Protein chains: 2
Amino acid sequence: MNAVTLSGRELAADIRTGAAARAAELAAAGRPPRLAAVTATDDEASAWYVRSLGSSAAKAGIGYDVYDLGPAATAEDIEATLARLSGDPAVHGIIVQSPLPGGMRLAGLAAAIDPAKDVDGTNPVSLGRLMTGLPAFAPATAAAVISLLDRYRIAIEGRRAVVVGRSAVVGKPVAHLLLDRDATVSICHSRTRDLAAVTAQADILVAAAGHARLIGTGHVARGATVIDVGTNATSDGGMVGDVDPEVAEIAGALSPVPGGVGPVTTALLLRQVTEAAAGAA
Amino acid sequence: MNAVTLSGRELAADIRTGAAARAAELAAAGRPPRLAAVTATDDEASAWYVRSLGSSAAKAGIGYDVYDLGPAATAEDIEATLARLSGDPAVHGIIVQSPLPGGMRLAGLAAAIDPAKDVDGTNPVSLGRLMTGLPAFAPATAAAVISLLDRYRIAIEGRRAVVVGRSAVVGKPVAHLLLDRDATVSICHSRTRDLAAVTAQADILVAAAGHARLIGTGHVARGATVIDVGTNATSDGGMVGDVDPEVAEIAGALSPVPGGVGPVTTALLLRQVTEAAAGAA
């Protein structure tokens with residue numbers, strides 16, 4: 001175990017403290033920030049997350065409402081709810097929870113979220129604005145990767161960054177954020193040939209494939225920084241990342257799962273709610 | 001000169017023929033397709049392109065109007081024109097020509113183009129939709145790169161593709177389109193260290209940096225496919241690409257400048273106007 005552990009807990013606590021201070025200011029100004037979470041699933045991990053987010057929001061003084069439409073919800077139900085919340089001046093941030101009922105695309109539904117309230121950057125407009133350098137909320141998970149690198153003063157500019165995974169909620173936006181910070185960025189995925197040969201070129205490796213322990217010691221250059229975005233459920237109710245813990249013997253720095261990107265993501269989401277509330281003032 | 005020349009002229013002619021047939025059908029159905037080009041510059045190269053596009057549109061039976069607002073135009077002038085054209089049912093495609101008056105951002109202005117008429121994919125909404133797998137018009141230059149690869153049956157899936165340049169109109173969207181076709185994609189730029197080491201790993205190298213002859217023989221692996229997107233003006237009124245012609249001695253295939261990506265881009269733009277006209281029917 002040589003790698004520096006890139007814990008996200010202290011960073012997350014600092015971000016939450018800042019968000020709570022901002023929320024108190026906004027509340028004092030008669031504008032208490034409020035987050036709405038829309039769900040349409042019976043998934044237990046999702047339900048756990050939605051409750052956990054509510055607890056974090058309450059601690060930060062951010063109002064929080066869950067709109068549980070159930071797994072039988074239609075796309076029209078969800079879009080109507082998002083449109084209504086977008087038009088509600090008391091709501092400043094809106095998220096749609098995954099998974100969605102079969103066949104629905106998050107990006108398609110999220111187009112119904114007012115971009116000014118799209119605090120998790122799921123509306124395609126937010127992603128397009130981010131990619132073209134216009135102001136927009138970044139997906140909180142992608143932003144958390146950058147925050148964690150910055151917290152530990154890991155240089156990004158000019159470095160080779162490799163992102164494993166190409167989802168619209170993590171892989172693509174984190175690739176963009178790294179590019180925006182002047183990294184040379186490569187994106188790998190399930191169809192990449194000789195994944196280890198590509199990932200071994202990374203100064204900064206971001207694992208966001210959603211496959212437990214996909215990244216092993218053979219995938220990592222000695223001294224590289226490895227950020228593990230994976231949150232894969234285990235059969236015993238636990239959670240493991242996309243990176244084998246043995247990578248710590250090779251890497252220079254490694255973010256743990258749990259306790260790495262996850263808490264920072266939640267904290268940034270809350271901060272973005274306060275920013276949305278302030279921006280709408 | 002060993003490399004196969006990836007000429008775009010025949011491909012462009014085929015695309016134009018298809019677009020002309022479609023335009024004739026639409027006209028017969030009382031819906032003649034029409035393209036509007038908005039310019040706000042005295043730049044000669046831009047004026048040449050606008051005239052050339054008009055000539056191509058006329059040959060394809062596509063109506064064409066230029067709205068020349070002049071270099072003194074304000075952002076409000078341009079946005080108002082784009083909004084008016086977006087609301088005009090006789091107009092099916094709208095493009096904004098670069099360069100723009102100092103300080104204006106194309107993506108910011110292009111947000112005023114109805115995405116259904118955004119035939120060159122410059123509205124950030126189009127880019128965001130493209131990135132999230134929703135229907136959208138791709139920037140014509142980026143789409144032309146893929147079309148040229150397909151025309152010459154160059155496999156993309158599983159290959160390592162390297163894009164040099166990260167603009168919102170070429171580099172980023174072409175990276176996305178290659179990723180969507182299952183390439184492993186790397187994006188390089190002016191801050192990339194040891195550019196040649198990265199580009200030499202490419203099976204498919206796309207040069208879109210806008211620097212004359214940036215890519216030399218030392219940047220290219222033997223047998224690689226090289227697509228030159230550069231259109232750099234020379235002092236004698238000519239045009240050179242981003243790739244040194246000597247690369248033909250190393251590469252397996254090379255697109256020429258002029259006569260490669262350029263004519264395909266124009267042809268695809270016209271095709272996208274007919275698609276917009278058909279879609280709006």
# chains A, B, ... in the order shown; residues from 1 in each chain; ligands from 1

call {"tool": "interface_residues", "arguments": {"of": "chain A", "to": "chain B", "cutoff": "6 Å", "atoms": "only C-alpha atoms", "output": "PDB file with N, CA and C atoms, in the first residue's frame"}}
result
ATOM      1  N   PRO A 124     -29.345  17.721 -21.874  1.00  0.00           N
ATOM      2  CA  PRO A 124     -28.337  17.825 -22.934  1.00  0.00           C
ATOM      3  C   PRO A 124     -27.878  19.261 -23.184  1.00  0.00           C
ATOM      4  N   VAL A 125     -28.754  20.223 -22.925  1.00  0.00           N
ATOM      5  CA  VAL A 125     -28.365  21.629 -23.079  1.00  0.00           C
ATOM      6  C   VAL A 125     -27.192  21.952 -22.164  1.00  0.00           C
ATOM      7  N   LEU A 127     -24.884  19.922 -21.026  1.00  0.00           N
ATOM      8  CA  LEU A 127     -23.668  19.286 -21.544  1.00  0.00           C
ATOM      9  C   LEU A 127     -23.141  20.055 -22.759  1.00  0.00           C
ATOM     10  N   GLY A 128     -24.039  20.439 -23.662  1.00  0.00           N
ATOM     11  CA  GLY A 128     -23.628  21.198 -24.844  1.00  0.00           C
ATOM     12  C   GLY A 128     -23.024  22.543 -24.462  1.00  0.00           C
ATOM     13  N   ARG A 129     -23.604  23.195 -23.475  1.00  0.00           N
ATOM     14  CA  ARG A 129     -23.066  24.486 -23.034  1.00  0.00           C
ATOM     15  C   ARG A 129     -21.689  24.296 -22.389  1.00  0.00           C
ATOM     16  N   THR A 132     -19.067  23.857 -25.018  1.00  0.00           N
ATOM     17  CA  THR A 132     -18.762  25.026 -25.841  1.00  0.00           C
ATOM     18  C   THR A 132     -18.310  26.212 -24.996  1.00  0.00           C
ATOM     19  N   GLY A 158      -1.457  19.539 -19.347  1.00  0.00           N
ATOM     20  CA  GLY A 158      -0.388  18.877 -20.092  1.00  0.00           C
ATOM     21  C   GLY A 158      -0.232  17.401 -19.767  1.00  0.00           C
ATOM     22  N   ALA A 168     -22.927   9.497 -20.563  1.00  0.00           N
ATOM     23  CA  ALA A 168     -23.215  10.935 -20.657  1.00  0.00           C
ATOM     24  C   ALA A 168     -23.204  11.596 -19.289  1.00  0.00           C
ATOM     25  N   THR A 184      -4.290  16.106 -22.022  1.00  0.00           N
ATOM     26  CA  THR A 184      -4.472  15.339 -23.255  1.00  0.00           C
ATOM     27  C   THR A 184      -5.320  14.137 -22.855  1.00  0.00           C
ATOM     28  N   VAL A 185      -6.500  14.014 -23.437  1.00  0.00           N
ATOM     29  CA  VAL A 185      -7.504  13.091 -22.902  1.00  0.00           C
ATOM     30  C   VAL A 185      -7.810  11.947 -23.862  1.00  0.00           C
ATOM     31  N   SER A 186      -7.803  10.733 -23.341  1.00  0.00           N
ATOM     32  CA  SER A 186      -8.235   9.568 -24.108  1.00  0.00           C
ATOM     33  C   SER A 186      -9.455   8.947 -23.435  1.00  0.00           C
ATOM     34  N   ILE A 187     -10.357   8.437 -24.262  1.00  0.00           N
ATOM     35  CA  ILE A 187     -11.572   7.811 -23.735  1.00  0.00           C
ATOM     36  C   ILE A 187     -11.621   6.358 -24.197  1.00  0.00           C
ATOM     37  N   CYS A 188     -11.671   5.451 -23.217  1.00  0.00           N
ATOM     38  CA  CYS A 188     -11.746   4.016 -23.484  1.00  0.00           C
ATOM     39  C   CYS A 188     -13.129   3.500 -23.102  1.00  0.00           C
ATOM     40  N   ARG A 191     -15.339  -1.511 -26.033  1.00  0.00           N
ATOM     41  CA  ARG A 191     -14.843  -1.966 -27.321  1.00  0.00           C
ATOM     42  C   ARG A 191     -13.378  -1.610 -27.554  1.00  0.00           C
ATOM     43  N   THR A 192     -12.750  -1.035 -26.535  1.00  0.00           N
ATOM     44  CA  THR A 192     -11.332  -0.712 -26.647  1.00  0.00           C
ATOM     45  C   THR A 192     -10.506  -1.992 -26.685  1.00  0.00           C
ATOM     46  N   ARG A 193      -9.587  -2.042 -27.645  1.00  0.00           N
ATOM     47  CA  ARG A 193      -8.686  -3.196 -27.728  1.00  0.00           C
ATOM     48  C   ARG A 193      -7.489  -2.941 -26.826  1.00  0.00           C
TER      49      ARG A 193
END

call {"tool": "select_by_dssp", "arguments": {"residues": "segment 178-255 of chain B", "states": "alpha helix (DSSP H)", "output": "list in words"}}
result
Leu178, Leu179, Asp180, Leu195, Ala196, Ala197, Val198 and Thr199 of chain B

call {"tool": "atom_distance", "arguments": {"atom1": "atom CA of Gly252 of chain B", "atom2": "atom CA of Ala207 of chain B"}}
result
15.3 Å

call {"tool": "residues_around", "arguments": {"residues": "segment 112-116 of chain A", "least_positions_apart": "2", "cutoff": "9 Å", "atoms": "only C-alpha atoms", "output": "list in words"}}
result
Ile78, Glu79, Ala80, Thr81, Leu82, Ala83, Leu85, Ser86, Gly87, His92, Gly93, Ile94, Ile95, Gly108, Leu109, Ala110, Asp118, Val119, Gly121, Thr122, Asn123, Val125, Ser126, Ala136, Phe137, Ala276, Gly279 and Ala280 of chain A

call {"tool": "select_by_dssp", "arguments": {"residues": "segment 43-256 of chain B", "states": "strand (DSSP E)", "output": "count of residues only"}}
result
34

call {"tool": "residues_around", "arguments": {"residues": "Ser56 of chain A", "least_positions_apart": "3", "cutoff": "9 Å", "atoms": "only C-alpha atoms", "output": "list of chain:residue names"}}
result
A:Arg16, A:Arg51, A:Ser52, A:Leu53, A:Lys59, A:Ala60, A:Gly61, A:Ile62, A:Thr266, A:Ala267, A:Leu270

call {"tool": "residues_around", "arguments": {"residues": "Thr74 of chain A", "least_positions_apart": "5", "cutoff": "10 Å", "atoms": "only C-alpha atoms", "output": "count of residues only"}}
result
8

call {"tool": "atom_distance", "arguments": {"atom1": "atom CA of Arg22 of chain B", "atom2": "atom CA of Ala155 of chain B"}}
result
29.0 Å

call {"tool": "residues_around", "arguments": {"residues": "Thr41 of chain B", "least_positions_apart": "2", "cutoff": "10 Å", "atoms": "only C-alpha atoms", "output": "list of chain:residue names"}}
result
B:Val38, B:Thr39, B:Asp43, B:Glu44, B:Ser46, B:Ala47, B:Asp68, B:Leu69, B:Gly70, B:Pro71, B:Ala72, B:Ala73, B:Gln97, B:Ser98, B:Pro99, B:Leu100, B:Pro101, B:Gly102

call {"tool": "atom_distance", "arguments": {"atom1": "atom CA of Lys117 of chain B", "atom2": "atom CA of Ser255 of chain B"}}
result
29.5 Å

call {"tool": "closest_residue", "arguments": {"among": "B:Gly171, B:Gly230, B:Pro33, B:Pro256", "to": "Val4 of chain B", "atoms": "only C-alpha atoms"}}
result
B:Pro256

call {"tool": "residues_around", "arguments": {"residues": "Gly18 of chain A", "least_positions_apart": "4", "cutoff": "12 Å", "atoms": "only C-alpha atoms", "output": "ChimeraX atom specification"}}
result
/A:11-14,22-25,60-61,267-268,270-272,274-275

call {"tool": "write_last_selection", "arguments": {"atoms": "C-alpha atoms", "output": "compact mmCIF listing (two decimals), in the first residue's frame"}}
result
# COMPACT_ATOMS: atom_id res chain seq x y z
CA LEU A 11 -13.13 17.91 0.99
CA ALA A 12 -16.82 17.02 1.04
CA ALA A 13 -17.16 18.39 4.58
CA ASP A 14 -15.58 21.68 3.51
CA ARG A 22 -24.62 30.05 1.57
CA ALA A 23 -27.96 28.38 2.25
CA ALA A 24 -28.26 30.30 5.54
CA GLU A 25 -27.58 33.59 3.73
CA ALA A 60 -26.92 21.96 5.04
CA GLY A 61 -30.20 23.79 5.53
CA ALA A 267 -21.53 17.88 -1.49
CA LEU A 268 -21.10 19.49 -4.92
CA LEU A 270 -25.80 20.66 -2.69
CA ARG A 271 -23.44 23.52 -3.52
CA GLN A 272 -24.90 23.68 -7.01
CA THR A 274 -27.26 27.04 -3.54
CA GLU A 275 -25.66 28.46 -6.71

call {"tool": "closest_residue", "arguments": {"among": "A:Leu269, A:Ala209, A:Ala233, A:Tyr152", "to": "Ala36 of chain A", "atoms": "only C-alpha atoms"}}
result
A:Leu269

call {"tool": "decode", "arguments": {"residues": "segment 1-129 of chain B", "atoms": "C-alpha atoms", "output": "PDB file, in the first residue's frame"}}
result
ATOM      1  CA  MET B   1       3.701   8.913 -52.512  1.00  0.00           C
ATOM      2  CA  ASN B   2       2.438   5.605 -51.192  1.00  0.00           C
ATOM      3  CA  ALA B   3      -0.720   6.650 -49.397  1.00  0.00           C
ATOM      4  CA  VAL B   4      -4.117   6.122 -50.947  1.00  0.00           C
ATOM      5  CA  THR B   5      -5.606   9.556 -51.681  1.00  0.00           C
ATOM      6  CA  LEU B   6      -8.924   9.953 -49.876  1.00  0.00           C
ATOM      7  CA  SER B   7     -10.504  12.317 -52.364  1.00  0.00           C
ATOM      8  CA  GLY B   8     -13.813  13.771 -51.280  1.00  0.00           C
ATOM      9  CA  ARG B   9     -14.916  14.890 -54.733  1.00  0.00           C
ATOM     10  CA  GLU B  10     -16.803  11.796 -55.889  1.00  0.00           C
ATOM     11  CA  LEU B  11     -18.358  11.285 -52.470  1.00  0.00           C
ATOM     12  CA  ALA B  12     -19.436  14.922 -52.425  1.00  0.00           C
ATOM     13  CA  ALA B  13     -20.942  14.592 -55.895  1.00  0.00           C
ATOM     14  CA  ASP B  14     -22.927  11.544 -54.805  1.00  0.00           C
ATOM     15  CA  ILE B  15     -24.206  13.311 -51.695  1.00  0.00           C
ATOM     16  CA  ARG B  16     -25.147  16.380 -53.752  1.00  0.00           C
ATOM     17  CA  THR B  17     -27.006  14.194 -56.258  1.00  0.00           C
ATOM     18  CA  GLY B  18     -29.001  12.655 -53.434  1.00  0.00           C
ATOM     19  CA  ALA B  19     -29.695  16.057 -51.892  1.00  0.00           C
ATOM     20  CA  ALA B  20     -30.812  17.434 -55.278  1.00  0.00           C
ATOM     21  CA  ALA B  21     -33.221  14.534 -55.763  1.00  0.00           C
ATOM     22  CA  ARG B  22     -34.627  15.093 -52.305  1.00  0.00           C
ATOM     23  CA  ALA B  23     -34.883  18.835 -52.899  1.00  0.00           C
ATOM     24  CA  ALA B  24     -36.842  18.197 -56.113  1.00  0.00           C
ATOM     25  CA  GLU B  25     -39.259  15.910 -54.262  1.00  0.00           C
ATOM     26  CA  LEU B  26     -39.761  18.497 -51.554  1.00  0.00           C
ATOM     27  CA  ALA B  27     -40.282  21.261 -54.099  1.00  0.00           C
ATOM     28  CA  ALA B  28     -42.836  19.112 -55.928  1.00  0.00           C
ATOM     29  CA  ALA B  29     -44.613  18.668 -52.620  1.00  0.00           C
ATOM     30  CA  GLY B  30     -44.789  22.429 -52.213  1.00  0.00           C
ATOM     31  CA  ARG B  31     -41.990  22.605 -49.699  1.00  0.00           C
ATOM     32  CA  PRO B  32     -38.871  23.875 -51.510  1.00  0.00           C
ATOM     33  CA  PRO B  33     -35.927  23.600 -49.106  1.00  0.00           C
ATOM     34  CA  ARG B  34     -34.241  26.876 -48.198  1.00  0.00           C
ATOM     35  CA  LEU B  35     -30.994  27.720 -46.433  1.00  0.00           C
ATOM     36  CA  ALA B  36     -30.173  31.035 -44.764  1.00  0.00           C
ATOM     37  CA  ALA B  37     -26.568  32.099 -44.168  1.00  0.00           C
ATOM     38  CA  VAL B  38     -25.992  34.887 -41.659  1.00  0.00           C
ATOM     39  CA  THR B  39     -22.678  36.745 -41.906  1.00  0.00           C
ATOM     40  CA  ALA B  40     -21.213  39.673 -39.987  1.00  0.00           C
ATOM     41  CA  THR B  41     -17.738  40.116 -41.373  1.00  0.00           C
ATOM     42  CA  ASP B  42     -15.687  41.666 -44.189  1.00  0.00           C
ATOM     43  CA  ASP B  43     -13.418  38.608 -44.252  1.00  0.00           C
ATOM     44  CA  GLU B  44     -12.688  37.629 -47.852  1.00  0.00           C
ATOM     45  CA  ALA B  45     -12.354  33.907 -47.260  1.00  0.00           C
ATOM     46  CA  SER B  46     -15.743  33.953 -45.569  1.00  0.00           C
ATOM     47  CA  ALA B  47     -17.278  35.897 -48.461  1.00  0.00           C
ATOM     48  CA  TRP B  48     -15.796  33.371 -50.896  1.00  0.00           C
ATOM     49  CA  TYR B  49     -17.260  30.465 -48.941  1.00  0.00           C
ATOM     50  CA  VAL B  50     -20.689  32.097 -48.706  1.00  0.00           C
ATOM     51  CA  ARG B  51     -20.750  32.605 -52.499  1.00  0.00           C
ATOM     52  CA  SER B  52     -19.482  29.092 -53.144  1.00  0.00           C
ATOM     53  CA  LEU B  53     -22.138  27.612 -50.891  1.00  0.00           C
ATOM     54  CA  GLY B  54     -24.765  29.606 -52.757  1.00  0.00           C
ATOM     55  CA  SER B  55     -23.592  28.204 -56.046  1.00  0.00           C
ATOM     56  CA  SER B  56     -23.705  24.636 -54.682  1.00  0.00           C
ATOM     57  CA  ALA B  57     -27.146  25.205 -53.199  1.00  0.00           C
ATOM     58  CA  ALA B  58     -28.462  26.549 -56.500  1.00  0.00           C
ATOM     59  CA  LYS B  59     -27.157  23.498 -58.379  1.00  0.00           C
ATOM     60  CA  ALA B  60     -28.931  21.239 -55.876  1.00  0.00           C
ATOM     61  CA  GLY B  61     -32.190  23.170 -56.210  1.00  0.00           C
ATOM     62  CA  ILE B  62     -31.975  24.530 -52.674  1.00  0.00           C
ATOM     63  CA  GLY B  63     -33.023  28.110 -52.062  1.00  0.00           C
ATOM     64  CA  TYR B  64     -30.375  30.271 -50.482  1.00  0.00           C
ATOM     65  CA  ASP B  65     -30.355  33.692 -48.888  1.00  0.00           C
ATOM     66  CA  VAL B  66     -27.469  35.596 -47.381  1.00  0.00           C
ATOM     67  CA  TYR B  67     -28.151  37.944 -44.485  1.00  0.00           C
ATOM     68  CA  ASP B  68     -25.068  40.129 -44.403  1.00  0.00           C
ATOM     69  CA  LEU B  69     -25.228  42.178 -41.212  1.00  0.00           C
ATOM     70  CA  GLY B  70     -21.760  43.634 -41.702  1.00  0.00           C
ATOM     71  CA  PRO B  71     -18.808  43.760 -39.299  1.00  0.00           C
ATOM     72  CA  ALA B  72     -20.496  46.435 -37.156  1.00  0.00           C
ATOM     73  CA  ALA B  73     -23.343  44.071 -36.208  1.00  0.00           C
ATOM     74  CA  THR B  74     -24.030  43.615 -32.511  1.00  0.00           C
ATOM     75  CA  ALA B  75     -24.740  40.271 -30.853  1.00  0.00           C
ATOM     76  CA  GLU B  76     -28.335  41.458 -30.465  1.00  0.00           C
ATOM     77  CA  ASP B  77     -28.582  42.121 -34.218  1.00  0.00           C
ATOM     78  CA  ILE B  78     -27.331  38.633 -35.025  1.00  0.00           C
ATOM     79  CA  GLU B  79     -29.510  36.920 -32.428  1.00  0.00           C
ATOM     80  CA  ALA B  80     -32.573  38.820 -33.600  1.00  0.00           C
ATOM     81  CA  THR B  81     -31.927  37.727 -37.190  1.00  0.00           C
ATOM     82  CA  LEU B  82     -31.408  34.103 -36.130  1.00  0.00           C
ATOM     83  CA  ALA B  83     -34.592  34.172 -34.058  1.00  0.00           C
ATOM     84  CA  ARG B  84     -36.573  35.662 -36.917  1.00  0.00           C
ATOM     85  CA  LEU B  85     -35.278  33.046 -39.382  1.00  0.00           C
ATOM     86  CA  SER B  86     -35.984  30.314 -36.809  1.00  0.00           C
ATOM     87  CA  GLY B  87     -39.586  31.432 -36.805  1.00  0.00           C
ATOM     88  CA  ASP B  88     -39.887  31.689 -40.587  1.00  0.00           C
ATOM     89  CA  PRO B  89     -41.609  28.547 -41.950  1.00  0.00           C
ATOM     90  CA  ALA B  90     -40.073  29.086 -45.416  1.00  0.00           C
ATOM     91  CA  VAL B  91     -36.542  28.695 -44.002  1.00  0.00           C
ATOM     92  CA  HIS B  92     -35.365  25.166 -43.145  1.00  0.00           C
ATOM     93  CA  GLY B  93     -31.679  25.552 -42.444  1.00  0.00           C
ATOM     94  CA  ILE B  94     -29.717  28.366 -40.788  1.00  0.00           C
ATOM     95  CA  ILE B  95     -25.966  28.819 -40.507  1.00  0.00           C
ATOM     96  CA  VAL B  96     -23.875  31.549 -38.933  1.00  0.00           C
ATOM     97  CA  GLN B  97     -20.630  32.228 -40.697  1.00  0.00           C
ATOM     98  CA  SER B  98     -17.292  32.694 -38.892  1.00  0.00           C
ATOM     99  CA  PRO B  99     -15.447  34.921 -38.151  1.00  0.00           C
ATOM    100  CA  LEU B 100     -17.785  36.941 -35.969  1.00  0.00           C
ATOM    101  CA  PRO B 101     -17.243  40.499 -34.751  1.00  0.00           C
ATOM    102  CA  GLY B 102     -14.663  40.644 -31.950  1.00  0.00           C
ATOM    103  CA  GLY B 103     -15.535  38.980 -28.675  1.00  0.00           C
ATOM    104  CA  MET B 104     -18.639  37.153 -29.847  1.00  0.00           C
ATOM    105  CA  ARG B 105     -18.868  33.427 -29.280  1.00  0.00           C
ATOM    106  CA  LEU B 106     -20.421  31.332 -32.022  1.00  0.00           C
ATOM    107  CA  ALA B 107     -21.991  28.899 -29.544  1.00  0.00           C
ATOM    108  CA  GLY B 108     -23.548  31.736 -27.565  1.00  0.00           C
ATOM    109  CA  LEU B 109     -25.185  33.273 -30.640  1.00  0.00           C
ATOM    110  CA  ALA B 110     -26.117  29.937 -32.195  1.00  0.00           C
ATOM    111  CA  ALA B 111     -28.325  29.183 -29.204  1.00  0.00           C
ATOM    112  CA  ALA B 112     -30.804  31.445 -31.027  1.00  0.00           C
ATOM    113  CA  ILE B 113     -31.076  28.947 -33.919  1.00  0.00           C
ATOM    114  CA  ASP B 114     -34.017  26.554 -33.705  1.00  0.00           C
ATOM    115  CA  PRO B 115     -32.311  23.123 -33.225  1.00  0.00           C
ATOM    116  CA  ALA B 116     -34.579  21.730 -35.971  1.00  0.00           C
ATOM    117  CA  LYS B 117     -32.951  24.209 -38.409  1.00  0.00           C
ATOM    118  CA  ASP B 118     -29.427  23.999 -36.963  1.00  0.00           C
ATOM    119  CA  VAL B 119     -28.014  22.235 -40.031  1.00  0.00           C
ATOM    120  CA  ASP B 120     -24.392  22.881 -39.077  1.00  0.00           C
ATOM    121  CA  GLY B 121     -24.817  21.748 -35.481  1.00  0.00           C
ATOM    122  CA  THR B 122     -23.544  24.946 -33.868  1.00  0.00           C
ATOM    123  CA  ASN B 123     -26.268  25.431 -31.257  1.00  0.00           C
ATOM    124  CA  PRO B 124     -24.956  23.918 -27.986  1.00  0.00           C
ATOM    125  CA  VAL B 125     -28.253  22.027 -27.750  1.00  0.00           C
ATOM    126  CA  SER B 126     -27.317  20.125 -30.923  1.00  0.00           C
ATOM    127  CA  LEU B 127     -23.928  19.190 -29.508  1.00  0.00           C
ATOM    128  CA  GLY B 128     -25.438  18.118 -26.188  1.00  0.00           C
ATOM    129  CA  ARG B 129     -28.065  16.020 -27.938  1.00  0.00           C
TER     130      ARG B 129
END
